file run.cif (mmCIF, C-alpha atoms and all ligand atoms)
data_target
loop_
_atom_site.label_atom_id
_atom_site.label_comp_id
_atom_site.auth_asym_id
_atom_site.auth_seq_id
_atom_site.Cartn_x
_atom_site.Cartn_y
_atom_site.Cartn_z
CA MET L 12 85.13 13.40 -8.04
CA LYS L 13 86.50 13.98 -4.54
CA ASN L 14 87.90 17.33 -5.51
CA ASN L 15 84.65 18.65 -6.91
CA ILE L 16 83.03 21.32 -4.80
CA LEU L 17 79.84 20.99 -6.85
CA GLU L 18 78.47 17.92 -8.57
CA ILE L 19 75.10 18.21 -10.27
CA GLU L 20 73.51 15.22 -11.97
CA ASN L 21 70.45 14.96 -14.15
CA LEU L 22 68.92 18.04 -12.61
CA THR L 23 65.40 18.90 -13.74
CA ILE L 24 63.31 21.76 -12.38
CA SER L 25 59.69 21.89 -13.50
CA PHE L 26 57.44 24.87 -12.93
CA ASP L 27 53.93 23.58 -13.63
CA GLY L 28 55.32 21.23 -16.25
CA PHE L 29 57.66 23.79 -17.83
CA LYS L 30 61.25 22.63 -17.49
CA ALA L 31 63.38 25.61 -16.50
CA LEU L 32 66.26 23.15 -16.08
CA ASN L 33 66.25 19.92 -18.05
CA GLN L 34 68.53 16.98 -17.17
CA LEU L 35 71.39 19.31 -16.51
CA ASN L 36 74.81 17.91 -15.63
CA PHE L 37 77.51 20.13 -14.19
CA SER L 38 80.58 19.76 -12.08
CA MET L 39 83.17 22.12 -10.81
CA GLU L 40 86.49 21.60 -9.08
CA THR L 41 87.36 23.15 -5.76
CA GLY L 42 89.11 26.49 -6.37
CA GLU L 43 87.70 26.99 -9.86
CA LEU L 44 86.41 30.31 -11.21
CA ARG L 45 83.61 29.38 -13.61
CA VAL L 46 81.63 31.75 -15.79
CA ILE L 47 78.13 30.81 -16.92
CA ILE L 48 76.55 32.50 -19.91
CA GLY L 49 73.39 31.87 -21.89
CA PRO L 50 70.51 33.70 -23.55
CA ASN L 51 67.64 35.11 -21.48
CA GLY L 52 65.46 32.34 -20.11
CA ALA L 53 68.24 29.74 -20.40
CA GLY L 54 67.86 28.90 -16.70
CA LYS L 55 70.87 30.72 -15.22
CA THR L 56 69.09 32.28 -12.25
CA THR L 57 67.15 29.07 -11.59
CA PHE L 58 70.49 27.24 -11.58
CA LEU L 59 71.73 29.49 -8.74
CA ASP L 60 68.36 29.12 -6.96
CA VAL L 61 68.85 25.34 -6.85
CA ILE L 62 72.44 25.56 -5.63
CA THR L 63 71.35 27.77 -2.71
CA GLY L 64 68.36 25.56 -1.91
CA LYS L 65 65.79 28.26 -2.72
CA VAL L 66 64.34 25.87 -5.32
CA LYS L 67 64.40 22.10 -4.82
CA PRO L 68 65.10 19.64 -7.66
CA THR L 69 62.11 18.04 -9.32
CA LYS L 70 64.55 15.32 -10.35
CA GLY L 71 68.27 14.81 -10.01
CA THR L 72 70.84 15.71 -7.39
CA VAL L 73 72.94 18.64 -6.27
CA ALA L 74 75.92 17.74 -4.13
CA PHE L 75 78.01 20.43 -2.43
CA LYS L 76 81.31 19.26 -0.93
CA GLY L 77 80.17 15.70 -1.57
CA ARG L 78 76.89 16.05 0.31
CA ASN L 79 73.45 15.77 -1.29
CA GLN L 80 71.58 18.94 -0.39
CA ARG L 81 68.07 17.68 -1.01
CA LYS L 82 67.05 17.54 2.64
CA LEU L 83 68.77 20.76 3.71
CA ALA L 84 67.04 24.10 4.22
CA GLU L 85 68.35 27.26 2.57
CA HIS L 86 69.99 28.58 5.75
CA GLN L 87 71.70 25.23 6.37
CA ILE L 88 73.15 25.28 2.87
CA ALA L 89 74.36 28.85 3.41
CA ARG L 90 76.03 27.74 6.62
CA MET L 91 77.78 24.91 4.79
CA GLY L 92 79.64 27.66 2.93
CA ILE L 93 77.68 29.04 0.00
CA GLY L 94 77.35 32.80 -0.37
CA ARG L 95 75.26 34.48 -3.05
CA LYS L 96 75.45 37.96 -4.43
CA PHE L 97 72.28 39.15 -6.13
CA GLN L 98 72.34 41.50 -9.08
CA THR L 99 71.33 44.65 -7.18
CA PRO L 100 73.66 45.67 -4.35
CA ARG L 101 72.15 45.01 -0.93
CA VAL L 102 74.17 47.23 1.37
CA PHE L 103 73.05 49.46 4.24
CA LEU L 104 73.07 52.89 2.59
CA ASN L 105 72.98 54.86 5.85
CA LEU L 106 76.05 53.11 7.24
CA THR L 107 79.66 53.64 6.21
CA THR L 108 81.66 51.14 4.19
CA ARG L 109 83.50 50.07 7.34
CA GLU L 110 80.28 49.70 9.33
CA ASN L 111 78.72 47.55 6.61
CA LEU L 112 81.72 45.23 6.69
CA ALA L 113 81.86 45.21 10.51
CA LEU L 114 78.25 44.09 10.67
CA THR L 115 78.83 41.09 8.45
CA LEU L 116 82.11 40.23 10.18
CA ASN L 117 80.41 40.30 13.59
CA PRO L 118 76.90 39.12 12.93
CA ARG L 119 76.24 38.22 16.56
CA LYS L 120 77.45 41.50 17.98
CA ARG L 121 75.21 44.40 18.67
CA LEU L 122 75.40 47.26 16.22
CA LEU L 123 76.82 49.80 18.65
CA SER L 124 79.68 47.72 19.94
CA SER L 125 80.99 47.25 16.44
CA PHE L 126 80.84 51.02 15.88
CA PHE L 127 82.67 52.15 18.97
CA GLY L 128 85.99 50.44 19.04
CA THR L 129 85.21 47.33 21.00
CA ASN L 130 86.33 45.10 18.14
CA SER L 131 89.14 42.76 18.99
CA ARG L 132 92.47 43.29 17.29
CA SER L 133 92.09 40.27 15.07
CA GLU L 134 88.71 41.51 13.86
CA ASN L 135 90.23 44.89 13.08
CA ILE L 136 92.95 43.23 11.08
CA SER L 137 90.53 41.28 8.97
CA LEU L 138 88.35 44.35 8.49
CA ALA L 139 91.40 46.24 7.26
CA GLY L 140 92.31 43.31 5.06
CA LEU L 141 88.84 43.24 3.58
CA LEU L 142 88.90 46.97 2.88
CA GLU L 143 92.16 46.46 1.07
CA THR L 144 90.86 43.46 -0.87
CA ILE L 145 87.85 45.40 -2.17
CA ASP L 146 90.03 48.48 -2.74
CA LEU L 147 87.87 50.80 -0.62
CA ILE L 148 90.32 51.89 2.09
CA GLU L 149 89.95 55.51 1.08
CA LYS L 150 86.17 55.24 1.16
CA ALA L 151 86.06 53.35 4.48
CA ASP L 152 84.39 56.11 6.46
CA ILE L 153 81.93 57.55 4.03
CA LEU L 154 78.29 56.50 3.91
CA ALA L 155 77.50 53.73 1.46
CA ASN L 156 74.96 55.98 -0.26
CA GLN L 157 77.91 58.13 -1.39
CA LEU L 158 79.57 55.19 -3.15
CA SER L 159 79.33 54.69 -6.91
CA HIS L 160 77.41 51.70 -8.22
CA GLY L 161 80.67 49.81 -8.82
CA GLU L 162 81.95 50.61 -5.33
CA LYS L 163 78.69 49.35 -3.84
CA GLN L 164 79.10 46.12 -5.83
CA ARG L 165 82.62 45.70 -4.44
CA LEU L 166 81.40 46.46 -0.92
CA GLU L 167 78.71 43.82 -1.19
CA ILE L 168 81.22 41.30 -2.49
CA GLY L 169 83.35 42.19 0.55
CA MET L 170 80.36 41.60 2.84
CA LEU L 171 79.92 38.20 1.28
CA VAL L 172 83.59 37.33 1.72
CA ALA L 173 83.37 38.42 5.38
CA GLN L 174 81.15 35.40 5.97
CA SER L 175 84.00 33.17 4.65
CA PRO L 176 82.04 31.07 2.16
CA ASP L 177 83.79 28.32 0.21
CA LEU L 178 81.66 28.90 -2.86
CA LEU L 179 80.66 32.37 -4.06
CA LEU L 180 77.75 32.76 -6.48
CA VAL L 181 77.77 36.10 -8.25
CA ASP L 182 74.89 37.12 -10.53
CA GLU L 183 75.72 39.72 -13.23
CA PRO L 184 78.12 41.82 -11.14
CA VAL L 185 79.05 44.35 -13.82
CA ALA L 186 75.66 45.18 -15.35
CA GLY L 187 75.47 48.96 -15.59
CA LEU L 188 79.10 49.60 -14.59
CA THR L 189 81.63 51.81 -16.40
CA ASP L 190 84.57 50.09 -18.12
CA GLU L 191 86.90 51.14 -15.33
CA GLU L 192 84.57 49.84 -12.61
CA THR L 193 84.06 46.63 -14.57
CA GLU L 194 87.79 46.01 -14.65
CA LYS L 195 88.05 46.59 -10.90
CA VAL L 196 85.30 44.09 -10.17
CA GLY L 197 87.07 41.65 -12.49
CA ASN L 198 90.35 42.10 -10.63
CA LEU L 199 88.57 41.62 -7.32
CA LEU L 200 86.96 38.36 -8.46
CA MET L 201 90.26 37.05 -9.83
CA ASN L 202 91.91 37.93 -6.53
CA LEU L 203 89.19 36.13 -4.55
CA ALA L 204 89.45 33.14 -6.87
CA GLN L 205 92.84 32.40 -5.31
CA SER L 206 91.09 31.35 -2.11
CA HIS L 207 87.47 30.62 -3.10
CA SER L 208 85.49 28.65 -5.64
CA ILE L 209 83.39 31.12 -7.64
CA ILE L 210 80.54 30.93 -10.14
CA VAL L 211 79.87 34.14 -12.04
CA ILE L 212 76.89 34.66 -14.31
CA GLU L 213 77.62 37.41 -16.80
CA HIS L 214 76.54 38.81 -20.13
CA ASP L 215 79.37 41.24 -20.73
CA MET L 216 81.72 39.32 -23.03
CA GLU L 217 84.64 41.71 -22.52
CA PHE L 218 84.37 41.01 -18.83
CA VAL L 219 84.05 37.27 -19.40
CA ARG L 220 87.22 37.42 -21.45
CA GLN L 221 88.99 39.29 -18.62
CA ILE L 222 88.19 36.76 -15.90
CA ALA L 223 87.24 33.45 -17.47
CA HIS L 224 89.24 30.26 -17.60
CA LYS L 225 86.34 27.97 -18.29
CA VAL L 226 82.91 28.98 -19.55
CA THR L 227 79.69 26.96 -19.42
CA VAL L 228 76.92 27.86 -21.86
CA LEU L 229 73.34 27.16 -20.76
CA HIS L 230 70.54 26.87 -23.28
CA GLN L 231 66.96 25.77 -22.65
CA GLY L 232 67.81 24.45 -19.22
CA SER L 233 70.75 22.27 -20.22
CA VAL L 234 74.47 22.67 -20.74
CA LEU L 235 75.04 23.40 -24.43
CA CYS L 236 78.83 23.33 -24.22
CA GLU L 237 81.82 24.15 -22.06
CA GLY L 238 85.29 25.36 -22.84
CA SER L 239 87.63 28.31 -23.01
CA ILE L 240 86.22 31.66 -24.03
CA ASN L 241 87.79 31.24 -27.48
CA ASP L 242 86.24 27.78 -27.93
CA ILE L 243 82.86 29.14 -26.89
CA GLN L 244 82.87 32.20 -29.10
CA ASN L 245 83.76 30.11 -32.14
CA ASP L 246 81.35 27.26 -31.44
CA PRO L 247 78.63 27.22 -34.15
CA ARG L 248 76.03 25.92 -31.66
CA VAL L 249 76.67 28.88 -29.39
CA ILE L 250 76.54 31.33 -32.26
CA GLU L 251 73.24 29.82 -33.35
CA VAL L 252 71.53 30.14 -29.97
CA TYR L 253 72.63 33.76 -29.83
CA LEU L 254 70.40 34.47 -32.85
CA GLY L 255 73.04 33.67 -35.39
CA GLN L 256 75.06 36.74 -34.49
CA PRO L 257 78.51 36.89 -32.97
CA MET L 258 77.98 37.27 -29.21
CA THR L 259 79.80 40.54 -29.05
CA ASN L 260 77.17 42.04 -31.34
CA VAL L 261 74.30 40.63 -29.33
CA TYR L 262 75.57 42.40 -26.24
CA ALA L 263 76.87 45.55 -27.85
P1 LIG C 1 67.81 33.23 -17.00
O1 LIG C 1 68.28 33.67 -15.65
O2 LIG C 1 68.80 32.41 -17.76
O3 LIG C 1 67.32 34.37 -17.83
P2 LIG C 1 65.68 31.93 -15.49
O4 LIG C 1 66.36 30.89 -14.69
O5 LIG C 1 65.30 33.18 -14.78
O6 LIG C 1 66.55 32.26 -16.79
O7 LIG C 1 64.37 31.31 -16.12
C1 LIG C 1 64.37 30.14 -16.94
C2 LIG C 1 62.95 29.89 -17.39
O8 LIG C 1 62.16 29.45 -16.30
C3 LIG C 1 62.27 31.11 -17.96
O9 LIG C 1 61.49 30.72 -19.06
C4 LIG C 1 61.41 31.59 -16.81
O10 LIG C 1 60.26 32.27 -17.29
C5 LIG C 1 61.04 30.30 -16.12
N1 LIG C 1 60.84 30.48 -14.68
C6 LIG C 1 61.78 30.89 -13.79
N2 LIG C 1 61.27 30.90 -12.55
C7 LIG C 1 59.97 30.50 -12.64
C8 LIG C 1 58.90 30.30 -11.71
N3 LIG C 1 59.06 30.53 -10.39
N4 LIG C 1 57.71 29.88 -12.19
C9 LIG C 1 57.54 29.64 -13.52
N5 LIG C 1 58.50 29.80 -14.44
C10 LIG C 1 59.69 30.23 -14.03
MG MG C 2 68.50 35.57 -14.75
#

call {"tool": "encode", "arguments": {"input": "run.cif", "output": "C-alpha cells", "more": "lines below"}}
Ligand code: ADP
Ligand code: MG
result
Amino acid sequence: MKNNILEIENLTISFDGFKALNQLNFSMETGELRVIIGPNGAGKTTFLDVITGKVKPTKGTVAFKGRNQRKLAEHQIARMGIGRKFQTPRVFLNLTTRENLALTLNPRKRLLSSFFGTNSRSENISLAGLLETIDLIEKADILANQLSHGEKQRLEIGMLVAQSPDLLLVDEPVAGLTDEETEKVGNLLMNLAQSHSIIVIEHDMEFVRQIAHKVTVLHQGSVLCEGSINDIQNDPRVIEVYLGQPMTNVYA
C-alpha cells in the first residue's frame, strides 16, 4: 500500500444518475507505466478527470501519495505533482520550441527575461536536457507552428515534464501520428517512465504493445481486467466488449 502512488477505492461518478464510473477499484505502484484501454464511453476520460480533481467522486475515494484528495481543489492537486496532457497539443504556436519550454520551466519569470539570456546556468542545463529528452534539439529555435503534429506532442510532453510532476497523465498521445512519430513518442514515454509514474490512455494497440507492461481494461465504468498485453488480447471478456472482434481489427 505504502508504495502506491494512486489508490482508488469504490469510485462512483454519477452524472444525473448515469454512472460514468461504477465502483471502480484501481491501484498503481510508484514508478509504474500503466496503459488504460477500453471502448468509447468506458469512462477513461472521466477517470483522468477524477484523478486531477476536475470531477469529484460521487462515492468512493481517490488517494494520491497516500492522501485523500476529496477536499483539494484542482490546482492544489496539480501542485501535489500531477500533470495532465490533453489529446490536442496545447503549445504556444508563435513561440519557438525553446521558448515554450523556458516558459514552463520559469513560470514566475517574465516572458522577456527568459528570451534574452538572463536564465541561470542551471536553468539552461535543464532546458538543454529537456530538449534532448524530447529529441528536439535541432528544432529548438524554430517556431512551434513549424513543428509536425508528433513534434508538437513531444514538445507538450516536455512542457509537462518541466513542471516536474510525479504522476503524468497522458490522453491518446499518438492519435493521428505517423508510425515513425508514434515510435518516437513511445520511446519518450518509456524514457520518462524511468523517473516518473505514468498513466497513458491509448487506442493504438501497436503502440500499447510497444510501451506497455501492465494494461487495465475499463468497461462501463469499472475495471474489466488487468494484465500483460498478451493476457488482455487473449481474454475472452475483452474480446467480447470489443464487439467480438480481435482488438487489432477494431482499431485497424
Ligand atoms: P471514454 O473517455 O472512455 O470514451 P468518458 O469518460 O468520456 O468515456 O465518458 C463515459 C460516459 O460518461 C459516457 O457515456 C459519457 O457520455 C458520459 N459522460 C462523460 N462526461 C459527462 C458529463 N459531464 N455529463 C454527462 N455524461 C457524461
Ligand atoms: Mg475519452

call {"tool": "closest_residue", "arguments": {"input": "run.cif", "among": "L:Asn198, L:Thr108, L:Thr23, L:Asn14", "to": "Gly77 in chain L", "atoms": "all atoms listed in the file"}}
result
L:Asn14

call {"tool": "residues_around", "arguments": {"input": "run.cif", "residues": "range 165-180 of chain L", "least_positions_apart": "2", "cutoff": "7 Å", "atoms": "only C-alpha atoms", "output": "list in words"}}
result
Gly92, Ile93, Gly94, Arg95, Lys96, Pro100, Arg101, Val102, Thr108, Leu112, Thr115, Leu116, Leu141, Ile145, Gly161, Glu162, Lys163, Asp182, Val196, His207, Ser208, Ile209, Ile210 and Val211 of chain L

call {"tool": "closest_residue", "arguments": {"input": "run.cif", "among": "L:Glu18, L:Glu110, L:Glu40, L:Glu183", "to": "ligand LIG 1 (chain C)", "atoms": "all atoms listed in the file"}}
result
L:Glu183

call {"tool": "closest_residue", "arguments": {"input": "run.cif", "among": "L:Ala31, L:Leu142, L:Ile19, L:Ala223", "to": "ligand LIG 1 (chain C)", "atoms": "all atoms listed in the file"}}
result
L:Ala31

call {"tool": "residues_near_ligand", "arguments": {"input": "run.cif", "ligand": "ligand LIG 1 (chain C)", "cutoff": "6 Å", "atoms": "only C-alpha atoms and all ligand atoms", "output": "list in words"}}
result
Phe26, Ala31, Asn51, Gly52, Ala53, Gly54, Lys55, Thr56 and Thr57 of chain L

call {"tool": "write_last_selection", "arguments": {"input": "run.cif", "atoms": "C-alpha atoms", "output": "PDB file, in the frame of the given file"}}
result
ATOM      1  CA  PHE L  26      57.440  24.870 -12.930  1.00  0.00           C
ATOM      2  CA  ALA L  31      63.380  25.610 -16.500  1.00  0.00           C
ATOM      3  CA  ASN L  51      67.640  35.110 -21.480  1.00  0.00           C
ATOM      4  CA  GLY L  52      65.460  32.340 -20.110  1.00  0.00           C
ATOM      5  CA  ALA L  53      68.240  29.740 -20.400  1.00  0.00           C
ATOM      6  CA  GLY L  54      67.860  28.900 -16.700  1.00  0.00           C
ATOM      7  CA  LYS L  55      70.870  30.720 -15.220  1.00  0.00           C
ATOM      8  CA  THR L  56      69.090  32.280 -12.250  1.00  0.00           C
ATOM      9  CA  THR L  57      67.150  29.070 -11.590  1.00  0.00           C
TER      10      THR L  57
END

call {"tool": "closest_residue", "arguments": {"input": "run.cif", "among": "L:Ile212, L:Leu32, L:Val234, L:Leu158", "to": "ligand MG 2 (chain C)", "atoms": "all atoms listed in the file"}}
result
L:Ile212

call {"tool": "atom_distance", "arguments": {"input": "run.cif", "atom1": "CA of Met39 in chain L", "atom2": "CA of Glu237 in chain L"}}
result
11.5 Å

call {"tool": "build_atoms", "arguments": {"input": "run.cif", "residues": "range 73-84 of chain L", "atoms": "all heavy atoms", "output": "PDB file, keeping the file's coordinate frame"}}
result
ATOM      1  N   VAL L  73      71.923  17.599  -6.414  1.00  0.00           N
ATOM      2  CA  VAL L  73      72.940  18.640  -6.270  1.00  0.00           C
ATOM      3  C   VAL L  73      73.771  18.267  -5.062  1.00  0.00           C
ATOM      4  O   VAL L  73      73.234  18.151  -3.950  1.00  0.00           O
ATOM      5  CB  VAL L  73      72.303  20.023  -6.038  1.00  0.00           C
ATOM      6  CG1 VAL L  73      73.383  21.073  -5.810  1.00  0.00           C
ATOM      7  CG2 VAL L  73      71.408  20.418  -7.202  1.00  0.00           C
ATOM      8  N   ALA L  74      75.050  18.035  -5.257  1.00  0.00           N
ATOM      9  CA  ALA L  74      75.920  17.740  -4.130  1.00  0.00           C
ATOM     10  C   ALA L  74      76.946  18.849  -3.971  1.00  0.00           C
ATOM     11  O   ALA L  74      77.628  19.217  -4.931  1.00  0.00           O
ATOM     12  CB  ALA L  74      76.613  16.394  -4.328  1.00  0.00           C
ATOM     13  N   PHE L  75      77.026  19.392  -2.760  1.00  0.00           N
ATOM     14  CA  PHE L  75      78.010  20.430  -2.430  1.00  0.00           C
ATOM     15  C   PHE L  75      78.994  19.820  -1.450  1.00  0.00           C
ATOM     16  O   PHE L  75      78.587  19.256  -0.433  1.00  0.00           O
ATOM     17  CB  PHE L  75      77.290  21.635  -1.828  1.00  0.00           C
ATOM     18  CG  PHE L  75      78.210  22.705  -1.299  1.00  0.00           C
ATOM     19  CD1 PHE L  75      79.100  23.354  -2.150  1.00  0.00           C
ATOM     20  CD2 PHE L  75      78.177  23.068   0.037  1.00  0.00           C
ATOM     21  CE1 PHE L  75      79.943  24.342  -1.665  1.00  0.00           C
ATOM     22  CE2 PHE L  75      79.021  24.058   0.526  1.00  0.00           C
ATOM     23  CZ  PHE L  75      79.907  24.699  -0.329  1.00  0.00           C
ATOM     24  N   LYS L  76      80.281  19.891  -1.744  1.00  0.00           N
ATOM     25  CA  LYS L  76      81.310  19.260  -0.930  1.00  0.00           C
ATOM     26  C   LYS L  76      80.971  17.790  -0.651  1.00  0.00           C
ATOM     27  O   LYS L  76      81.105  17.298   0.469  1.00  0.00           O
ATOM     28  CB  LYS L  76      81.542  20.025   0.370  1.00  0.00           C
ATOM     29  CG  LYS L  76      82.084  21.432   0.130  1.00  0.00           C
ATOM     30  CD  LYS L  76      82.701  22.060   1.364  1.00  0.00           C
ATOM     31  CE  LYS L  76      81.710  22.722   2.251  1.00  0.00           C
ATOM     32  NZ  LYS L  76      82.345  23.614   3.257  1.00  0.00           N
ATOM     33  N   GLY L  77      80.440  17.129  -1.683  1.00  0.00           N
ATOM     34  CA  GLY L  77      80.170  15.700  -1.570  1.00  0.00           C
ATOM     35  C   GLY L  77      78.873  15.340  -0.868  1.00  0.00           C
ATOM     36  O   GLY L  77      78.554  14.167  -0.722  1.00  0.00           O
ATOM     37  N   ARG L  78      78.105  16.346  -0.462  1.00  0.00           N
ATOM     38  CA  ARG L  78      76.890  16.050   0.310  1.00  0.00           C
ATOM     39  C   ARG L  78      75.639  16.429  -0.476  1.00  0.00           C
ATOM     40  O   ARG L  78      75.516  17.575  -0.930  1.00  0.00           O
ATOM     41  CB  ARG L  78      76.942  16.831   1.619  1.00  0.00           C
ATOM     42  CG  ARG L  78      75.761  16.559   2.505  1.00  0.00           C
ATOM     43  CD  ARG L  78      75.997  17.133   3.899  1.00  0.00           C
ATOM     44  NE  ARG L  78      74.769  16.997   4.679  1.00  0.00           N
ATOM     45  CZ  ARG L  78      74.549  17.643   5.815  1.00  0.00           C
ATOM     46  NH1 ARG L  78      75.472  18.452   6.304  1.00  0.00           N
ATOM     47  NH2 ARG L  78      73.411  17.483   6.458  1.00  0.00           N
ATOM     48  N   ASN L  79      74.725  15.496  -0.616  1.00  0.00           N
ATOM     49  CA  ASN L  79      73.450  15.770  -1.290  1.00  0.00           C
ATOM     50  C   ASN L  79      72.653  16.787  -0.468  1.00  0.00           C
ATOM     51  O   ASN L  79      72.450  16.607   0.731  1.00  0.00           O
ATOM     52  CB  ASN L  79      72.668  14.456  -1.435  1.00  0.00           C
ATOM     53  CG  ASN L  79      71.438  14.639  -2.311  1.00  0.00           C
ATOM     54  OD1 ASN L  79      70.895  15.734  -2.431  1.00  0.00           O
ATOM     55  ND2 ASN L  79      70.988  13.565  -2.915  1.00  0.00           N
ATOM     56  N   GLN L  80      72.210  17.852  -1.132  1.00  0.00           N
ATOM     57  CA  GLN L  80      71.580  18.940  -0.390  1.00  0.00           C
ATOM     58  C   GLN L  80      70.066  18.826  -0.305  1.00  0.00           C
ATOM     59  O   GLN L  80      69.411  19.713   0.235  1.00  0.00           O
ATOM     60  CB  GLN L  80      71.889  20.275  -1.085  1.00  0.00           C
ATOM     61  CG  GLN L  80      73.317  20.698  -0.966  1.00  0.00           C
ATOM     62  CD  GLN L  80      73.615  21.792  -1.962  1.00  0.00           C
ATOM     63  OE1 GLN L  80      73.519  21.587  -3.154  1.00  0.00           O
ATOM     64  NE2 GLN L  80      73.927  22.968  -1.469  1.00  0.00           N
ATOM     65  N   ARG L  81      69.526  17.759  -0.867  1.00  0.00           N
ATOM     66  CA  ARG L  81      68.070  17.680  -1.010  1.00  0.00           C
ATOM     67  C   ARG L  81      67.321  17.973   0.279  1.00  0.00           C
ATOM     68  O   ARG L  81      66.347  18.700   0.296  1.00  0.00           O
ATOM     69  CB  ARG L  81      67.670  16.288  -1.536  1.00  0.00           C
ATOM     70  CG  ARG L  81      66.162  16.078  -1.593  1.00  0.00           C
ATOM     71  CD  ARG L  81      65.821  14.785  -2.287  1.00  0.00           C
ATOM     72  NE  ARG L  81      65.972  14.861  -3.722  1.00  0.00           N
ATOM     73  CZ  ARG L  81      65.063  15.399  -4.544  1.00  0.00           C
ATOM     74  NH1 ARG L  81      63.965  15.913  -4.072  1.00  0.00           N
ATOM     75  NH2 ARG L  81      65.271  15.425  -5.834  1.00  0.00           N
ATOM     76  N   LYS L  82      67.825  17.425   1.389  1.00  0.00           N
ATOM     77  CA  LYS L  82      67.050  17.540   2.640  1.00  0.00           C
ATOM     78  C   LYS L  82      67.431  18.777   3.453  1.00  0.00           C
ATOM     79  O   LYS L  82      66.925  18.965   4.556  1.00  0.00           O
ATOM     80  CB  LYS L  82      67.262  16.284   3.479  1.00  0.00           C
ATOM     81  CG  LYS L  82      66.710  15.047   2.782  1.00  0.00           C
ATOM     82  CD  LYS L  82      66.392  13.951   3.766  1.00  0.00           C
ATOM     83  CE  LYS L  82      65.677  12.805   3.077  1.00  0.00           C
ATOM     84  NZ  LYS L  82      66.481  11.582   3.043  1.00  0.00           N
ATOM     85  N   LEU L  83      68.317  19.608   2.920  1.00  0.00           N
ATOM     86  CA  LEU L  83      68.770  20.760   3.710  1.00  0.00           C
ATOM     87  C   LEU L  83      67.981  22.017   3.377  1.00  0.00           C
ATOM     88  O   LEU L  83      67.624  22.260   2.225  1.00  0.00           O
ATOM     89  CB  LEU L  83      70.258  21.030   3.445  1.00  0.00           C
ATOM     90  CG  LEU L  83      71.217  19.886   3.781  1.00  0.00           C
ATOM     91  CD1 LEU L  83      72.644  20.276   3.424  1.00  0.00           C
ATOM     92  CD2 LEU L  83      71.116  19.531   5.256  1.00  0.00           C
ATOM     93  N   ALA L  84      67.726  22.818   4.418  1.00  0.00           N
ATOM     94  CA  ALA L  84      67.040  24.100   4.220  1.00  0.00           C
ATOM     95  C   ALA L  84      68.047  25.129   3.697  1.00  0.00           C
ATOM     96  O   ALA L  84      69.261  24.944   3.812  1.00  0.00           O
ATOM     97  CB  ALA L  84      66.443  24.579   5.534  1.00  0.00           C
TER      98      ALA L  84
END
